[in-house]
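S.K.: The following file, upload_7.cif, comprises mmCIF, C-alpha atoms:
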data_model
#
loop_
_atom_site.label_atom_id
_atom_site.label_comp_id
_atom_site.auth_asym_id
_atom_site.auth_seq_id
_atom_site.Cartn_x
_atom_site.Cartn_y
_atom_site.Cartn_z
CA MET F 298 -171.78 -4.27 119.29
CA ALA F 299 -172.27 -5.97 115.92
CA ILE F 300 -169.48 -8.25 114.65
CA GLU F 301 -168.66 -7.95 110.97
CA ILE F 302 -168.49 -11.04 108.73
CA VAL F 303 -165.65 -10.32 106.32
CA VAL F 304 -164.15 -12.10 103.32
CA PRO F 305 -161.19 -14.04 104.77
CA ASN F 306 -157.77 -14.51 103.24
CA LEU F 307 -158.48 -16.76 100.26
CA GLY F 308 -154.97 -18.04 99.76
CA GLU F 309 -152.08 -17.32 97.45
CA SER F 310 -152.99 -15.34 94.30
CA VAL F 311 -156.72 -15.43 95.11
CA VAL F 312 -158.04 -11.94 95.84
CA GLU F 313 -161.67 -12.13 94.76
CA ALA F 314 -164.61 -14.44 95.30
CA THR F 315 -168.32 -14.62 94.53
CA VAL F 316 -171.00 -14.97 97.18
CA GLY F 317 -172.39 -18.40 96.41
CA ARG F 318 -175.16 -18.94 98.93
CA TRP F 319 -176.16 -17.75 102.38
CA LEU F 320 -176.69 -20.70 104.72
CA LYS F 321 -178.51 -18.53 107.25
CA ASN F 322 -181.22 -15.92 106.86
CA ALA F 323 -181.16 -12.53 108.56
CA GLY F 324 -182.58 -12.88 112.05
CA GLU F 325 -181.59 -16.52 112.49
CA PRO F 326 -179.37 -17.63 115.38
CA VAL F 327 -175.79 -18.70 114.70
CA LYS F 328 -173.25 -20.56 116.81
CA ILE F 329 -169.56 -19.82 116.98
CA GLY F 330 -167.76 -21.56 114.13
CA GLU F 331 -171.00 -22.38 112.31
CA ALA F 332 -170.88 -21.77 108.55
CA VAL F 333 -173.10 -18.87 107.52
CA VAL F 334 -172.14 -18.21 103.89
CA VAL F 335 -170.36 -20.03 101.05
CA LEU F 336 -167.89 -18.14 98.85
CA GLU F 337 -166.99 -19.37 95.37
CA THR F 338 -163.40 -18.82 94.27
CA ASP F 339 -161.82 -19.74 90.97
CA LYS F 340 -160.48 -22.88 92.63
CA VAL F 341 -162.72 -24.10 95.45
CA ASP F 342 -165.79 -23.17 97.48
CA LEU F 343 -165.10 -21.86 101.00
CA GLU F 344 -167.41 -21.73 104.00
CA VAL F 345 -167.18 -18.60 106.16
CA GLY F 346 -168.01 -19.31 109.79
CA ALA F 347 -169.37 -17.13 112.59
CA GLU F 348 -166.71 -15.75 114.92
CA ARG F 349 -169.25 -15.10 117.68
CA GLU F 350 -172.50 -16.66 118.83
CA GLY F 351 -175.56 -14.55 118.30
CA VAL F 352 -178.01 -13.61 115.57
CA LEU F 353 -177.30 -12.86 111.92
CA ALA F 354 -178.28 -9.20 112.05
CA SER F 355 -177.73 -8.20 108.42
CA ILE F 356 -176.67 -9.43 105.00
CA THR F 357 -174.86 -6.76 103.00
CA ARG F 358 -173.66 -8.77 100.00
CA GLN F 359 -176.13 -10.98 98.17
CA ALA F 360 -175.60 -14.26 96.32
CA GLY F 361 -173.95 -13.70 92.95
CA GLU F 362 -172.06 -10.55 93.99
CA ASP F 363 -168.28 -10.41 93.57
CA VAL F 364 -166.35 -9.53 96.71
CA LYS F 365 -162.72 -8.94 97.67
CA VAL F 366 -160.66 -10.00 100.66
CA GLY F 367 -161.58 -7.90 103.71
CA GLU F 368 -164.97 -6.70 102.45
CA VAL F 369 -167.96 -6.96 104.77
CA LEU F 370 -170.52 -9.65 103.95
CA GLY F 371 -172.88 -9.10 106.86
CA THR F 372 -173.03 -8.64 110.62
CA ILE F 373 -173.73 -10.76 113.69
CA GLU F 374 -175.32 -9.28 116.81
CA PRO F 375 -173.74 -11.07 119.79
CA GLY F 376 -176.04 -12.25 122.53
CA GLU F 377 -178.08 -15.11 123.89
CA GLY F 378 -180.88 -14.73 121.37
CA ALA F 379 -179.65 -17.81 119.56
CA ALA F 380 -180.86 -20.19 122.23
CA GLN F 381 -184.56 -19.27 122.06
CA PRO F 382 -185.12 -19.62 118.29
CA ALA F 383 -183.16 -22.86 118.32
CA ALA F 384 -185.43 -24.36 120.98
CA ALA F 385 -188.54 -23.30 119.09
CA ALA F 386 -187.39 -24.84 115.87
CA GLN F 387 -187.79 -28.48 116.95
CA PRO F 388 -188.82 -31.07 114.34
CA VAL F 389 -192.60 -31.22 113.93
CA GLN F 390 -192.79 -34.99 114.37
CA ALA F 391 -191.24 -34.69 117.85
CA ALA F 392 -194.04 -32.46 119.18
CA PRO F 393 -196.01 -35.17 121.10
CA ALA F 394 -192.94 -36.05 123.20
CA PRO F 395 -190.32 -33.97 125.06
CA ALA F 396 -187.94 -33.95 122.09
CA PRO F 397 -185.13 -31.87 123.65
CA GLN F 398 -184.55 -34.50 126.35
CA ALA F 399 -185.25 -37.60 124.25
CA GLN F 400 -183.16 -36.73 121.20
CA PRO F 401 -180.46 -34.21 122.12
CA ALA F 402 -178.17 -35.37 119.33
CA ARG F 403 -180.75 -34.52 116.67
CA GLN F 404 -180.80 -30.85 117.61
CA ALA F 405 -177.26 -30.13 116.52
CA VAL F 406 -176.78 -29.48 112.82
CA PRO F 407 -174.03 -31.86 111.62
CA ASP F 408 -170.95 -30.71 109.72
CA VAL F 409 -172.14 -30.60 106.12
CA THR F 410 -170.28 -29.92 102.86
CA PRO F 411 -171.54 -26.91 100.83
CA VAL F 412 -172.87 -29.04 97.98
CA ALA F 413 -174.68 -31.37 100.40
CA ARG F 414 -176.21 -28.41 102.25
CA ARG F 415 -177.52 -26.91 99.01
CA MET F 416 -179.00 -30.27 97.95
CA ALA F 417 -180.72 -30.65 101.32
CA GLN F 418 -182.17 -27.15 101.22
CA ASP F 419 -183.41 -27.60 97.65
CA ALA F 420 -185.05 -30.89 98.60
CA GLN F 421 -186.47 -29.35 101.80
CA ILE F 422 -185.09 -32.04 104.09
CA ASP F 423 -183.61 -31.84 107.58
CA VAL F 424 -179.85 -32.41 107.36
CA ALA F 425 -179.87 -33.72 110.94
CA GLN F 426 -181.76 -36.78 109.71
CA VAL F 427 -179.06 -37.71 107.20
CA MET F 428 -176.48 -40.33 108.22
CA PRO F 429 -172.96 -38.95 107.49
CA SER F 430 -170.25 -41.00 105.80
CA GLY F 431 -167.64 -38.36 104.96
CA PRO F 432 -164.36 -37.73 106.77
CA GLY F 433 -164.78 -36.32 110.24
CA GLY F 434 -168.48 -37.18 110.28
CA ARG F 435 -169.34 -34.84 107.41
CA VAL F 436 -172.58 -35.20 105.49
CA THR F 437 -171.72 -35.43 101.79
CA LYS F 438 -173.87 -34.95 98.71
CA THR F 439 -173.90 -38.74 98.28
CA ASP F 440 -175.41 -39.09 101.77
CA VAL F 441 -178.11 -36.55 100.95
CA GLN F 442 -178.88 -38.22 97.62
CA ARG F 443 -179.13 -41.62 99.32
CA TYR F 444 -181.47 -40.20 101.94
CA ILE F 445 -183.69 -38.60 99.30
CA GLU F 446 -183.91 -41.85 97.34
CA SER F 447 -184.69 -43.87 100.49
CA LYS F 448 -187.68 -41.74 101.43
CA SER F 449 -191.02 -43.30 100.58
CA ALA F 450 -193.31 -41.58 98.09
CA PRO F 451 -196.00 -40.57 100.68
CA ALA F 452 -193.33 -38.78 102.72
CA LYS F 453 -193.13 -36.08 100.04
CA PRO F 454 -196.68 -35.06 99.10
CA ALA F 455 -195.57 -32.64 96.40
CA PRO F 456 -196.79 -33.67 92.91
CA GLN F 457 -194.43 -34.71 90.16
CA PRO F 458 -192.61 -31.59 88.86
CA SER F 459 -192.93 -32.64 85.25
CA ALA F 460 -196.69 -32.88 85.55
CA THR F 461 -197.84 -29.83 87.49
CA VAL F 462 -195.00 -27.50 88.49
CA PRO F 463 -194.72 -24.53 86.10
CA ILE F 464 -191.41 -24.25 84.26
CA SER F 465 -190.85 -20.80 85.70
CA GLU F 466 -190.73 -22.31 89.20
CA THR F 467 -188.16 -24.99 88.43
CA ALA F 468 -185.65 -23.06 86.32
CA PRO F 469 -185.17 -19.59 84.80
CA ILE F 470 -186.43 -20.75 81.40
CA PHE F 471 -188.33 -18.25 79.29
CA ALA F 472 -189.87 -18.10 75.86
CA THR F 473 -188.51 -15.85 73.13
CA ASP F 474 -190.66 -13.81 70.75
CA SER F 475 -190.68 -16.79 68.40
CA GLY F 476 -191.95 -19.07 71.16
CA ARG F 477 -188.68 -21.00 71.56
CA ARG F 478 -187.46 -21.66 75.08
CA GLU F 479 -184.14 -20.36 76.35
CA GLU F 480 -182.40 -20.31 79.71
CA ARG F 481 -179.97 -17.70 81.02
CA ILE F 482 -177.62 -18.86 83.79
CA LYS F 483 -174.81 -16.77 85.23
CA MET F 484 -171.45 -18.50 85.00
CA SER F 485 -169.88 -19.40 88.33
CA ARG F 486 -166.60 -17.76 89.25
CA ARG F 487 -164.77 -21.03 88.67
CA ARG F 488 -166.32 -21.44 85.22
CA ARG F 489 -165.43 -17.84 84.32
CA THR F 490 -161.84 -18.39 85.45
CA ILE F 491 -161.59 -21.64 83.50
CA ALA F 492 -162.83 -19.87 80.37
CA GLN F 493 -160.42 -16.98 80.86
CA ARG F 494 -157.38 -19.17 81.42
CA LEU F 495 -158.09 -21.48 78.51
CA VAL F 496 -158.37 -18.52 76.15
CA GLU F 497 -155.20 -16.99 77.60
CA ALA F 498 -153.35 -20.28 77.09
CA GLN F 499 -154.19 -20.25 73.40
CA HIS F 500 -153.31 -16.57 72.99
CA THR F 501 -150.00 -16.57 74.89
CA ALA F 502 -148.45 -19.93 73.94
CA ALA F 503 -147.37 -21.42 70.62
CA MET F 504 -149.36 -24.57 71.32
CA LEU F 505 -148.99 -27.72 69.23
CA THR F 506 -150.13 -31.31 69.79
CA THR F 507 -148.51 -34.61 68.87
CA PHE F 508 -150.19 -38.03 69.07
CA ASN F 509 -149.26 -41.67 69.56
CA GLU F 510 -150.96 -44.90 70.60
CA ILE F 511 -150.14 -47.31 73.40
CA ASP F 512 -150.74 -51.05 73.69
CA MET F 513 -152.25 -51.41 77.16
CA SER F 514 -152.03 -55.23 77.24
CA LYS F 515 -149.25 -55.54 79.82
CA VAL F 516 -150.65 -52.87 82.14
CA MET F 517 -154.06 -54.54 82.03
CA ASP F 518 -152.42 -57.89 82.73
CA VAL F 519 -150.62 -56.47 85.78
CA ARG F 520 -153.86 -54.97 87.05
CA ALA F 521 -155.75 -58.22 86.54
CA ARG F 522 -153.13 -60.20 88.50
CA ARG F 523 -152.48 -57.67 91.25
CA LYS F 524 -155.74 -55.76 91.59
CA GLU F 525 -157.30 -57.89 94.32
CA ALA F 526 -154.16 -58.06 96.45
CA PHE F 527 -153.52 -54.34 95.91
CA GLN F 528 -157.06 -53.48 97.03
CA LYS F 529 -156.81 -55.71 100.09
CA LYS F 530 -153.45 -54.30 101.16
CA HIS F 531 -153.94 -50.61 100.42
CA GLY F 532 -157.73 -50.15 100.49
CA VAL F 533 -157.83 -48.57 97.04
CA SER F 534 -158.14 -49.89 93.50
CA LEU F 535 -155.11 -50.12 91.23
CA GLY F 536 -156.07 -47.84 88.36
CA PHE F 537 -154.32 -46.61 85.25
CA SER F 538 -153.48 -43.18 86.70
CA SER F 539 -150.51 -44.34 88.75
CA PHE F 540 -148.92 -46.02 85.71
CA PHE F 541 -149.14 -42.83 83.64
CA VAL F 542 -147.95 -40.62 86.51
CA LYS F 543 -144.87 -42.81 86.90
CA ALA F 544 -144.32 -42.97 83.13
CA SER F 545 -144.61 -39.17 82.88
CA ILE F 546 -142.00 -38.72 85.59
CA GLY F 547 -139.62 -41.07 83.78
CA ALA F 548 -140.08 -39.12 80.54
CA LEU F 549 -139.76 -35.74 82.28
CA LYS F 550 -136.43 -36.80 83.74
CA ALA F 551 -135.21 -37.52 80.21
CA PHE F 552 -136.68 -34.35 78.65
CA SER F 553 -136.49 -31.61 81.29
CA ARG F 554 -137.85 -28.79 79.12
CA LEU F 555 -141.31 -30.29 79.36
CA ASN F 556 -141.12 -29.80 83.13
CA ALA F 557 -140.40 -26.09 82.90
CA GLU F 558 -141.97 -22.67 82.44
CA ILE F 559 -141.11 -19.46 80.62
CA GLN F 560 -140.35 -16.34 82.67
CA GLY F 561 -139.64 -13.41 80.40
CA ASP F 562 -136.59 -14.35 78.36
CA ASP F 563 -135.62 -17.18 80.70
CA MET F 564 -136.49 -20.87 80.85
CA LEU F 565 -137.04 -22.10 84.41
CA LEU F 566 -136.25 -25.81 84.43
CA LYS F 567 -137.68 -27.68 87.41
CA TYR F 568 -136.10 -30.81 88.84
CA TYR F 569 -138.99 -31.71 91.09
CA TYR F 570 -142.15 -33.36 89.86
CA ASP F 571 -145.48 -31.92 91.02
CA ILE F 572 -147.95 -33.66 88.73
CA GLY F 573 -151.39 -32.11 88.29
CA VAL F 574 -154.31 -34.48 87.68
CA ALA F 575 -157.35 -32.90 86.03
CA ILE F 576 -160.67 -33.80 87.66
CA GLY F 577 -164.00 -32.94 86.08
CA ALA F 578 -165.95 -32.01 89.21
CA GLU F 579 -169.61 -31.00 89.17
CA GLU F 580 -168.72 -27.41 90.03
CA GLY F 581 -166.09 -27.19 87.28
CA LEU F 582 -162.68 -28.51 86.28
CA VAL F 583 -159.99 -28.59 88.99
CA VAL F 584 -156.36 -29.74 88.80
CA PRO F 585 -155.11 -30.86 92.22
CA VAL F 586 -151.41 -31.60 92.46
CA LEU F 587 -149.52 -34.73 93.46
CA ARG F 588 -146.60 -33.05 95.17
CA ASP F 589 -143.19 -34.74 94.77
CA ALA F 590 -144.92 -37.51 92.85
CA ASP F 591 -141.57 -39.15 92.10
CA ARG F 592 -141.37 -40.04 95.79
CA MET F 593 -144.86 -41.51 95.93
CA SER F 594 -145.69 -45.19 95.61
CA PHE F 595 -148.37 -46.52 93.28
CA ALA F 596 -150.70 -46.89 96.30
CA GLU F 597 -150.04 -43.34 97.50
CA ILE F 598 -150.80 -41.95 94.05
CA GLU F 599 -154.08 -43.87 93.76
CA GLN F 600 -155.13 -42.97 97.32
CA THR F 601 -154.39 -39.28 96.85
CA ILE F 602 -156.23 -39.08 93.52
CA LYS F 603 -159.26 -40.83 95.03
CA GLU F 604 -159.29 -38.41 97.96
CA TYR F 605 -158.98 -35.42 95.62
CA ALA F 606 -161.92 -36.67 93.54
CA LEU F 607 -164.14 -37.03 96.61
CA GLN F 608 -163.11 -33.63 97.95
CA SER F 609 -163.70 -31.90 94.61
CA ASN F 610 -167.24 -33.30 94.37
CA ASP F 611 -168.04 -32.40 97.98
CA GLY F 612 -166.54 -28.92 97.76
CA THR F 613 -163.92 -29.63 100.43
CA LEU F 614 -160.78 -29.58 98.25
CA PRO F 615 -158.16 -27.45 100.06
CA LEU F 616 -156.54 -24.54 98.24
CA ASP F 617 -153.07 -25.92 98.94
CA ALA F 618 -153.90 -28.94 96.78
CA LEU F 619 -154.40 -26.67 93.75
CA ARG F 620 -151.24 -24.59 93.99
CA GLY F 621 -148.27 -25.11 91.73
CA GLY F 622 -147.87 -28.09 89.45
CA THR F 623 -145.13 -28.65 86.88
CA PHE F 624 -146.91 -31.00 84.45
CA THR F 625 -150.56 -32.05 84.00
CA ILE F 626 -152.33 -35.27 83.04
CA THR F 627 -155.96 -35.19 81.87
CA ASN F 628 -158.03 -38.29 81.13
CA GLY F 629 -160.93 -37.78 78.77
CA GLY F 630 -161.16 -41.52 78.36
CA VAL F 631 -163.23 -41.85 81.52
CA PHE F 632 -165.99 -40.01 79.65
CA GLY F 633 -165.54 -42.05 76.47
CA SER F 634 -163.29 -39.70 74.49
CA MET F 635 -161.34 -41.41 71.70
CA MET F 636 -159.19 -38.42 70.73
CA SER F 637 -158.77 -34.83 71.88
CA THR F 638 -156.33 -31.92 71.92
CA PRO F 639 -155.69 -30.93 75.56
CA ILE F 640 -155.08 -27.25 76.32
CA LEU F 641 -152.05 -26.15 78.33
CA ASN F 642 -152.39 -25.36 82.01
CA PRO F 643 -150.28 -22.15 82.33
CA PRO F 644 -147.54 -21.55 83.29
CA GLN F 645 -146.82 -25.21 82.48
CA VAL F 646 -145.53 -25.93 78.99
CA ALA F 647 -146.90 -29.45 78.46
CA ILE F 648 -149.97 -31.57 79.19
CA LEU F 649 -150.63 -35.26 78.54
CA GLY F 650 -154.08 -36.34 77.38
CA LEU F 651 -155.31 -39.92 77.91
CA HIS F 652 -158.24 -41.48 76.08
CA LYS F 653 -160.56 -44.47 75.97
CA ILE F 654 -159.06 -47.95 75.65
CA GLU F 655 -160.49 -49.78 72.63
CA GLN F 656 -159.89 -53.27 71.27
CA ARG F 657 -158.40 -52.65 67.80
CA PRO F 658 -156.60 -54.72 65.16
CA ILE F 659 -152.89 -53.92 64.86
CA ALA F 660 -150.01 -55.41 62.94
CA LEU F 661 -147.61 -57.29 65.23
CA ASN F 662 -144.71 -59.42 64.00
CA GLY F 663 -146.27 -59.69 60.56
CA GLU F 664 -149.68 -60.73 61.91
CA VAL F 665 -152.92 -58.91 62.60
CA VAL F 666 -153.87 -59.17 66.28
CA ILE F 667 -156.49 -57.57 68.48
CA ARG F 668 -155.07 -55.47 71.32
CA PRO F 669 -156.42 -52.93 73.84
CA MET F 670 -155.13 -49.66 72.42
CA MET F 671 -155.19 -46.11 73.76
CA TYR F 672 -154.54 -42.92 71.83
CA VAL F 673 -152.47 -40.41 73.80
CA ALA F 674 -151.90 -36.73 73.02
CA LEU F 675 -149.20 -34.33 74.16
CA SER F 676 -149.85 -30.61 73.82
CA TYR F 677 -146.77 -28.44 74.32
CA ASP F 678 -145.52 -24.86 74.06
CA HIS F 679 -143.40 -24.69 70.91
CA ARG F 680 -141.59 -21.61 72.27
CA ILE F 681 -139.57 -23.82 74.61
CA VAL F 682 -140.19 -27.38 73.38
CA ASP F 683 -139.20 -28.46 69.87
CA GLY F 684 -141.23 -30.98 67.93
CA ARG F 685 -138.43 -33.54 68.14
CA GLU F 686 -138.41 -33.39 71.94
CA ALA F 687 -142.20 -33.61 72.12
CA VAL F 688 -142.34 -36.68 69.88
CA GLN F 689 -139.51 -38.40 71.74
CA PHE F 690 -141.16 -37.59 75.08
CA LEU F 691 -144.40 -39.24 73.99
CA VAL F 692 -142.50 -42.23 72.59
CA ARG F 693 -140.82 -42.59 76.00
CA ILE F 694 -144.23 -42.57 77.68
CA LYS F 695 -145.29 -45.33 75.28
CA GLU F 696 -142.19 -47.42 75.99
CA LEU F 697 -142.59 -47.18 79.76
CA VAL F 698 -146.31 -48.01 79.81
CA GLU F 699 -145.90 -50.93 77.41
CA ASP F 700 -143.18 -52.30 79.73
CA PRO F 701 -144.58 -51.70 83.24
CA GLU F 702 -141.61 -53.32 84.98
CA SER F 703 -139.41 -50.49 83.68
CA LEU F 704 -141.49 -48.03 85.72
CA LEU F 705 -139.86 -49.39 88.86
CA ILE F 706 -136.57 -48.06 87.53
CA GLU F 707 -137.48 -45.02 85.43
CA GLY F 708 -140.40 -43.74 87.51
#
Since I need it in another form, could you write the structure as structure tokens?
M.R.:
Amino acid sequence: MAIEIVVPNLGESVVEATVGRWLKNAGEPVKIGEAVVVLETDKVDLEVGAEREGVLASITRQAGEDVKVGEVLGTIEPGEGAAQPAAAAQPVQAAPAPAPQAQPARQAVPDVTPVARRMAQDAQIDVAQVMPSGPGGRVTKTDVQRYIESKSAPAKPAPQPSATVPISETAPIFATDSGRREERIKMSRRRRTIAQRLVEAQHTAAMLTTFNEIDMSKVMDVRARRKEAFQKKHGVSLGFSSFFVKASIGALKAFSRLNAEIQGDDMLLKYYYDIGVAIGAEEGLVVPVLRDADRMSFAEIEQTIKEYALQSNDGTLPLDALRGGTFTITNGGVFGSMMSTPILNPPQVAILGLHKIEQRPIALNGEVVIRPMMYVALSYDHRIVDGREAVQFLVRIKELVEDPESLLIEG
């Protein structure tokens, strides 16, 4: 009797997904627990595994289709048919020797992230040949990219795409009546959700932004003196993120309305500090949360952010990491932004925007000096936060960052 592959529970508040890519074709063998299809949600990509060993009998929902929790994606016909196709599909180069006995480890497909699997399929390479470096022995997109770059030119006889491959084979680019080229690409579910929420934030909140600038001299001095020891002790670099997370917590404790949300006619003030950190992943913006950040050390903050960044790029970020959040920090400075107006992350009522550090002349004690300066921006919901509070909040951020020792007390 055929076993149905259904859309699993996608987590709190997530009821729909989009079929991203089938990892198996109809008629191919599958093993129990093996990923067969990737679903795109508005937060993360999820792999759906086979509940029984057998053969993928049918695919009922194609890539690009929207599906809901509980809907059938395809069916698996249980049986022993999986063993025969798997034995026949040995690597070509192993044909002269008894490959099954000589290289048993090569026959098992390693645990691969969705992004890495798509890269390998697009490049037509065997994932089993790629050395994994991810957690739990996972093959990441970085591993696949490294493997592709390490291959010698003769190993891939295909000609250069730019020279001989028609445009229609490399991308859905077409010519208009006027002869100009255009490309139509369907937005991913995450991109659609991002667009929807950003527009909603502007339509539902009375959003304003206030600006200030911060002298980063002392923070940079602390990093220069402590960076090597910090790296050696904790295995992670001492970045700027932990300083601003701690400074934000100190300011939020002083101005609680910026750590709140509006529910009807009520203001819900929160006295815990779940700080969201925006990450510009390849698949779209995500905001994983540092839960109870006020209880985290500088090292724990840096380690968690690093792990979130790796997971977001590899498509392994758990849904729990994206739930909640009371205040958000976004850093456009890593991309070179000098100034921007961050958009609220509902239902939060404030977001802090960081920018590029630039050496600029400033007046200090009656003299012109050159200092590493950063513009910072605070967008806030004027329905609950007054301009006075917003300005004072940002001034408090400035005071704490310009005096890093105070973060040990205030943060």
S.K.: Find the residue from F:Ala596, F:Leu535, F:Leu587, F:Val327 that sits nearest to Arg523 in chain F; use all atoms listed in the file when measuring.
M.R.: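 Closest candidate: F:Leu535.
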S.K.: What is the distance, in Å and to one decimal place, between CA of Val574 in chain F and CA of Gly629 in chain F?
M.R.: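 Distance reported for this atom pair: 11.6 Å.
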S.K.: Name the residues that the PyMOL selection byres ((chain F and resi 602) around 12) pulls out of this structure, and write them as an MDAnalysis selection string.
M.R.: chainID F and resid 533:539 542 572:576 584:588 590 593 595:601 603:609 614 618 626
S.K.: On this file, the PyMOL selection byres ((chain F and resi 364) around 8) gives some set of residues; write that set as a ChimeraX atom specification.
M.R.: /F:304,313-316,362-363,365-366,368
S.K.: Given the PyMOL selection byres ((chain F and resi 332) around 10) and the file above, list the residues it selects as a VMD selection string.
M.R.: chain F and resid 319 to 321 327 to 331 333 to 335 343 to 348 408 to 411
S.K.: Which polymer residues have any atom within 7 Å of an atom of Ala557 in chain F, counting only C-alpha atoms, with same-chain residues fewer than 2 positions away left out, as a ChimeraX atom specification?
M.R.: /F:553-555,564-567,623,645-646
S.K.: Which residue is closest to Ile511 in chain F? Choose from F:Gly317, F:Gly577, F:Pro429, F:Pro669 and count only C-alpha atoms.
M.R.: F:Pro669
S.K.: Could you check which of F:Gln689, F:Glu301, F:Asp518, F:Arg414 is closest to Glu702 in chain F, using all atoms listed in the file?
M.R.: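 Using all atoms listed in the file, Glu702 in chain F sits closest to F:Asp518.
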S.K.: Restricting the calculation to all atoms listed in the file: of F:Thr506, F:Gln528, F:Thr439, F:Asn662, which residue gets closest to Gly650 in chain F?
M.R.: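 Closest residue, counting all atoms listed in the file: F:Thr506.
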S.K.: Rounded to one decimal, what separation in Å do you get between CA of Val496 in chain F and CA of Arg680 in chain F?
M.R.: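 Answer for the CA of Val496 in chain F to CA of Arg680 in chain F separation: 17.5 Å.
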S.K.: Expressed in Å to a single decimal, how great is the separation between CA of Ala548 in chain F and CA of Met504 in chain F?
M.R.: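 One can read the CA of Ala548 in chain F to CA of Met504 in chain F distance as 19.6 Å.
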S.K.: Go through F:Val352, F:Ala502, F:Ile300, F:Val341 and flag the residue nearest Asp617 in chain F, using all atoms listed in the file for the distances.
M.R.: F:Val341
S.K.: List every protein, DNA or RNA residue that has at least one atom no more than 12 Å from (-148.9, -16.0, 76.1) in the file's coordinates, counting only C-alpha atoms, and write the result as a ChimeraX atom specification.
M.R.: /F:494-504,558-561,641-646,678-680
S.K.: List the residues sitting within 9 Å of (-137.6, -38.3, 79.3) in the file's frame, using all atoms listed in the file, as a PyMOL selection string.
M.R.: chain F and resi 545-553+555+686+689-691+693-694
S.K.: For Pro658 in chain F, which of F:Phe632, F:Asp512, F:Pro375, F:Gly621 is the closest residue, counting all atoms listed in the file?
M.R.: F:Asp512
S.K.: With 5 Å added on each side, what axis-aligned box encloses every listed atom of range 355-362 of chain F? Give the centre and edge lengths in Å to one decimal, as AutoDock Vina command-line options.
M.R.:
--center_x -174.9 --center_y -10.5 --center_z 100.7 --size_x 15.7 --size_y 17.5 --size_z 25.5
S.K.: I'd like the contact shell of Thr490 in chain F - 10 Å cut-off, all atoms listed in the file, skipping same-chain residues fewer than 4 positions apart - returned as a list of chain:residue names.
M.R.: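 Those residues are F:Thr338, F:Asp339, F:Lys340, F:Met484, F:Ser485, F:Arg486, F:Arg494, F:Leu495, F:Val496, F:Gly581.
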